[in-house]
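J.: Let me begin by handing over the structure; questions about it come next.
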Amino acid sequence: MAINTYIPTMLTLKYHVSLPVAVGTLFVGIPYGISLVAQWLYGWPNKPGYKKYIEGLKPRRIYCITRAVLEMLKYLQYGRLYFQWKSWYKNVDNNKHCVKDITFGRRGMKLDLYHSPDTEQYKLMPLVVFVYGGAWGSGERSTYCLLAIQMAKELNATVVCPDYATFPKGNVLNMVEDIADCLLWAREKGHLFNIDKDNIVLIGHSAGAHLCALTTLFLISGAEEIGIETTKQTDITSAIKGILGLSGVYNILDHYQHEQNRAIEYVSTMHKAMNGVENFPYYSPTHRIKKLDEEKIKRIPPFGLLHGTYDIIVPLESSVRFSELLTSLSLKASLYLLPKMDHTEMATDLMAPDRHFYHTIYGCIKQEYSKFMEKC
Ligand SMILES: *[C@@H]1O[C@H](CO)[C@@H](O)[C@H](O)[C@H]1NC(C)=O
């Protein structure tokens with residue numbers, strides 16, 4: 001009898017102890033663990049006079065960061081695509097379609113160049129410069145090999161995909177310099193690869209769309225900061241026939257607000273890449289464009305802006321507001337809001353024809369691209 005009651009008591013006792021422990025681990029231990037690691041790796045709030053540990057440990061912040069980290073589990077669905085691009089890039093048989101590791105610019109950055117399958121010998125091909133995203137702090141050109149080869153085919157153009165000095169290698173000004181250097185390379189060395197140096201289109205995704213717009217505006221204003229002769233800057237801008245922004249950021253202040261709402265502003269690389277909050281207007285295309293005089297505004301190329309309605313990383317208002325601003329300045333801007341598409345799909349779905357949004361996105365891109373090219 002004594003033994004019989006002893007066993008159930010032990011079980012109940014164990015049950016009672018382990019439930020709170022399990023619940024505690026699930027709702028407190030794991031979230032705090034994830035957020036602490038994320039904050040340690042990517043930076044605590046570091047504003048002067050700030051109680052950073054208290055701020056960093058606030059439940060709302062912990063909850064939001066955990067959510068943001070868990071949302072990244074979604075990327076597991078790209079596992080197959082990852083192996084596809086890895087093996088495509090490694091396979092030397094594919095080198096007939098592309099020229100890899102071309103050095104350009106003041107920092108000795110590298111770019112890869114992809115030919116259209118319809119390239120005709122001795123005929124000059126228009127150039128598309130694809131600038132990848134990665135929140136100004138990550139990204140690598142080889143990731144976009146499948147995208148670039150498809151883009152070269154779909155647009156019947158030569159595509160180059162340059163690396164640029166992402167944070168902490170460089171700040172946003174350095175990134176702008178690298179994109180400008182890539183364009184200068186196309187102007188000066190493009191003939192070696194049958195590139196038509198007078199027909200250049202920029203296509204950027206996310207932070208890359210921001211860099212395309214920002215670089216063009218720096219070049220149009222003849223900015224001394226980027227260390228390129230003014231005549232050369234004018235030269236480059238006259239060759240840019242259009243800019244396609246895919247899920248782009250155009251107003252850094254607005255985007256910081258969005259990051260604050262998601263409580264990820266301290267772990268995000270954005271404010272670090274911009275050298276602090278005080279530089280946000282300086283690095284915002286929406287702000288710079290308003291500083292240009294009428295003559296310079298006339299030189300801004302047409303824009304095509306694409307954005308997915310399910311994008312939570314960069315809200316679609318970013319493209320909506322930028323297109324409104326461009327239109328209010330009598331500039332050409334087309335806006336495409338793509339239903340149910342999220343932030344990553346805008347780039348990953350351009351990599352293979354069997355991806356869900358492949359034809360939708362290329363449909364818009366081609367329509368804009370041919371408008372850009374018609375004028376010449
Ligand atoms: C691709 O562009 C080249 C060069 O302009 C042209 O000769 C060729 O006919 C084009 N191919 C297609 C399928 O449009």
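Every chain in the structure tokens takes a letter, A first, then B, and so on in the order presented; its residues are numbered from 1, and the ligands are numbered from 1 following the presented order.
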For ligand 1, list the contacting residues at 8 Å or closer, counting only C-alpha atoms and all ligand atoms, as a list in words.
T.: Ser116, Asp118, Thr119, Glu120, Lys123, Leu124, Met125, Pro126, Asn156 and Ala157 of chain A
J.: Can I get the selected residues back with all heavy atoms, as a PDB file, in the first residue's frame?
T.:
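The file below, result-v6.pdb, is the result:
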ATOM      1  N   SER A 116      23.983  37.096 -72.887  1.00  0.00           N
ATOM      2  CA  SER A 116      22.703  36.567 -73.354  1.00  0.00           C
ATOM      3  C   SER A 116      22.991  35.434 -74.335  1.00  0.00           C
ATOM      4  O   SER A 116      23.953  35.502 -75.088  1.00  0.00           O
ATOM      5  CB  SER A 116      21.937  37.699 -74.052  1.00  0.00           C
ATOM      6  OG  SER A 116      21.038  37.150 -74.970  1.00  0.00           O
ATOM      7  N   ASP A 118      21.530  34.940 -76.929  1.00  0.00           N
ATOM      8  CA  ASP A 118      21.313  35.478 -78.275  1.00  0.00           C
ATOM      9  C   ASP A 118      22.369  36.505 -78.685  1.00  0.00           C
ATOM     10  O   ASP A 118      22.173  37.238 -79.646  1.00  0.00           O
ATOM     11  CB  ASP A 118      19.924  36.127 -78.366  1.00  0.00           C
ATOM     12  CG  ASP A 118      18.829  35.104 -78.167  1.00  0.00           C
ATOM     13  OD1 ASP A 118      18.939  34.013 -78.734  1.00  0.00           O
ATOM     14  OD2 ASP A 118      17.878  35.393 -77.414  1.00  0.00           O
ATOM     15  N   THR A 119      23.437  36.550 -77.938  1.00  0.00           N
ATOM     16  CA  THR A 119      24.514  37.487 -78.284  1.00  0.00           C
ATOM     17  C   THR A 119      25.008  37.195 -79.689  1.00  0.00           C
ATOM     18  O   THR A 119      25.248  36.041 -80.041  1.00  0.00           O
ATOM     19  CB  THR A 119      25.695  37.299 -77.304  1.00  0.00           C
ATOM     20  OG1 THR A 119      25.236  37.567 -76.003  1.00  0.00           O
ATOM     21  CG2 THR A 119      26.843  38.238 -77.633  1.00  0.00           C
ATOM     22  N   GLU A 120      25.107  38.259 -80.493  1.00  0.00           N
ATOM     23  CA  GLU A 120      25.697  38.067 -81.813  1.00  0.00           C
ATOM     24  C   GLU A 120      27.084  38.642 -81.803  1.00  0.00           C
ATOM     25  O   GLU A 120      27.312  39.717 -81.255  1.00  0.00           O
ATOM     26  CB  GLU A 120      24.830  38.752 -82.871  1.00  0.00           C
ATOM     27  CG  GLU A 120      23.652  37.877 -83.250  1.00  0.00           C
ATOM     28  CD  GLU A 120      22.746  38.536 -84.258  1.00  0.00           C
ATOM     29  OE1 GLU A 120      23.257  39.312 -85.092  1.00  0.00           O
ATOM     30  OE2 GLU A 120      21.539  38.279 -84.198  1.00  0.00           O
ATOM     31  N   LYS A 123      28.423  42.369 -82.254  1.00  0.00           N
ATOM     32  CA  LYS A 123      27.317  43.289 -82.084  1.00  0.00           C
ATOM     33  C   LYS A 123      27.299  43.756 -80.625  1.00  0.00           C
ATOM     34  O   LYS A 123      27.411  42.936 -79.718  1.00  0.00           O
ATOM     35  CB  LYS A 123      26.008  42.585 -82.436  1.00  0.00           C
ATOM     36  CG  LYS A 123      25.029  43.553 -83.031  1.00  0.00           C
ATOM     37  CD  LYS A 123      23.987  42.843 -83.844  1.00  0.00           C
ATOM     38  CE  LYS A 123      23.023  43.887 -84.394  1.00  0.00           C
ATOM     39  NZ  LYS A 123      21.842  43.307 -84.963  1.00  0.00           N
ATOM     40  N   LEU A 124      27.156  45.068 -80.425  1.00  0.00           N
ATOM     41  CA  LEU A 124      27.167  45.563 -79.053  1.00  0.00           C
ATOM     42  C   LEU A 124      25.859  45.226 -78.350  1.00  0.00           C
ATOM     43  O   LEU A 124      24.784  45.343 -78.922  1.00  0.00           O
ATOM     44  CB  LEU A 124      27.377  47.080 -79.050  1.00  0.00           C
ATOM     45  CG  LEU A 124      28.746  47.563 -79.536  1.00  0.00           C
ATOM     46  CD1 LEU A 124      28.806  49.085 -79.503  1.00  0.00           C
ATOM     47  CD2 LEU A 124      29.882  46.970 -78.721  1.00  0.00           C
ATOM     48  N   MET A 125      25.971  44.816 -77.101  1.00  0.00           N
ATOM     49  CA  MET A 125      24.782  44.463 -76.327  1.00  0.00           C
ATOM     50  C   MET A 125      24.549  45.498 -75.227  1.00  0.00           C
ATOM     51  O   MET A 125      25.499  45.960 -74.594  1.00  0.00           O
ATOM     52  CB  MET A 125      24.982  43.094 -75.661  1.00  0.00           C
ATOM     53  CG  MET A 125      25.157  41.940 -76.621  1.00  0.00           C
ATOM     54  SD  MET A 125      23.673  41.615 -77.581  1.00  0.00           S
ATOM     55  CE  MET A 125      22.715  40.662 -76.413  1.00  0.00           C
ATOM     56  N   PRO A 126      23.268  45.837 -74.965  1.00  0.00           N
ATOM     57  CA  PRO A 126      23.002  46.731 -73.830  1.00  0.00           C
ATOM     58  C   PRO A 126      23.424  46.066 -72.521  1.00  0.00           C
ATOM     59  O   PRO A 126      23.510  44.836 -72.449  1.00  0.00           O
ATOM     60  CB  PRO A 126      21.490  46.937 -73.879  1.00  0.00           C
ATOM     61  CG  PRO A 126      20.954  45.893 -74.779  1.00  0.00           C
ATOM     62  CD  PRO A 126      22.052  45.436 -75.673  1.00  0.00           C
ATOM     63  N   ASN A 156      17.701  39.814 -73.167  1.00  0.00           N
ATOM     64  CA  ASN A 156      18.650  39.833 -74.289  1.00  0.00           C
ATOM     65  C   ASN A 156      19.664  40.959 -74.082  1.00  0.00           C
ATOM     66  O   ASN A 156      19.826  41.850 -74.912  1.00  0.00           O
ATOM     67  CB  ASN A 156      17.903  39.993 -75.623  1.00  0.00           C
ATOM     68  CG  ASN A 156      18.815  39.742 -76.818  1.00  0.00           C
ATOM     69  OD1 ASN A 156      19.861  39.106 -76.694  1.00  0.00           O
ATOM     70  ND2 ASN A 156      18.428  40.263 -77.991  1.00  0.00           N
ATOM     71  N   ALA A 157      20.323  40.895 -72.936  1.00  0.00           N
ATOM     72  CA  ALA A 157      21.306  41.922 -72.577  1.00  0.00           C
ATOM     73  C   ALA A 157      22.472  41.253 -71.858  1.00  0.00           C
ATOM     74  O   ALA A 157      22.357  40.109 -71.407  1.00  0.00           O
ATOM     75  CB  ALA A 157      20.673  42.955 -71.643  1.00  0.00           C
TER      76      ALA A 157
END
J.: Which residues come within 8 Å of Glu177 (chain A), counting only C-alpha atoms, excluding same-chain residues fewer than 4 positions away, as an NGL selection string?
T.: :A and (173 or 181 or 215 or 226-227)
J.: Keeping N, CA, C and O atoms for every residue in the selection just given, could you write it to a file as an mmCIF file, in the first residue's frame?
T.:
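Once everything was written out, this is out.cif:
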data_model
loop_
_atom_site.group_PDB
_atom_site.id
_atom_site.type_symbol
_atom_site.label_atom_id
_atom_site.label_comp_id
_atom_site.auth_asym_id
_atom_site.auth_seq_id
_atom_site.Cartn_x
_atom_site.Cartn_y
_atom_site.Cartn_z
ATOM 1 N N LEU A 173 28.561 55.371 -48.262
ATOM 2 C CA LEU A 173 29.270 56.179 -49.255
ATOM 3 C C LEU A 173 30.238 55.299 -50.070
ATOM 4 O O LEU A 173 30.330 55.426 -51.293
ATOM 5 N N ASP A 181 31.915 53.110 -59.542
ATOM 6 C CA ASP A 181 33.115 52.540 -60.178
ATOM 7 C C ASP A 181 32.754 51.445 -61.173
ATOM 8 O O ASP A 181 33.390 51.312 -62.219
ATOM 9 N N THR A 215 23.153 56.181 -55.964
ATOM 10 C CA THR A 215 24.339 56.387 -56.805
ATOM 11 C C THR A 215 24.006 57.307 -57.971
ATOM 12 O O THR A 215 24.744 58.245 -58.269
ATOM 13 N N ILE A 226 32.445 61.419 -54.016
ATOM 14 C CA ILE A 226 32.689 60.078 -54.537
ATOM 15 C C ILE A 226 33.966 59.994 -55.379
ATOM 16 O O ILE A 226 34.284 58.935 -55.910
ATOM 17 N N GLY A 227 34.683 61.105 -55.466
ATOM 18 C CA GLY A 227 36.023 61.073 -56.059
ATOM 19 C C GLY A 227 36.086 60.674 -57.525
ATOM 20 O O GLY A 227 37.004 59.963 -57.935
#
J.: Let me make sure I understand: among A:Ser238, A:Gln84, A:Thr66, A:Thr158, which one has the smallest atom-to-atom distance to Tyr114 (chain A) if we use only C-alpha atoms?
T.: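 Using only C-alpha atoms, the shortest distance to Tyr114 (chain A) belongs to A:Thr158.
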J.: Could you go through region 79-152 of chain A and tell me which residues DSSP, when run on the backbone, assigns to strand (DSSP E or B), listing them as a list in words?
T.: Cys98, Val99, Lys100, Asp101, Ile102, Thr103, Phe104, Met109, Lys110, Leu111, Asp112, Leu113, Tyr114, Met125, Pro126, Leu127, Val128, Val129, Phe130 and Val131 of chain A
J.: Please return, as JSON, numbers by chain, all residues of region 8-219 of chain A that DSSP assigns to alpha helix (DSSP H) on the basis of the backbone.
T.: {"A": [8, 9, 10, 11, 12, 13, 14, 15, 16, 17, 18, 19, 20, 21, 22, 23, 24, 30, 31, 32, 33, 34, 35, 36, 37, 38, 39, 40, 41, 42, 52, 53, 54, 55, 56, 59, 60, 61, 62, 63, 64, 65, 66, 67, 68, 69, 70, 71, 79, 80, 81, 82, 83, 84, 85, 86, 87, 88, 89, 90, 145, 146, 147, 148, 149, 150, 151, 152, 153, 154, 155, 172, 173, 174, 175, 176, 177, 178, 179, 180, 181, 182, 183, 184, 185, 186, 187, 188, 189, 207, 208, 209, 210, 211, 212, 213, 214, 215, 216, 217, 218, 219]}
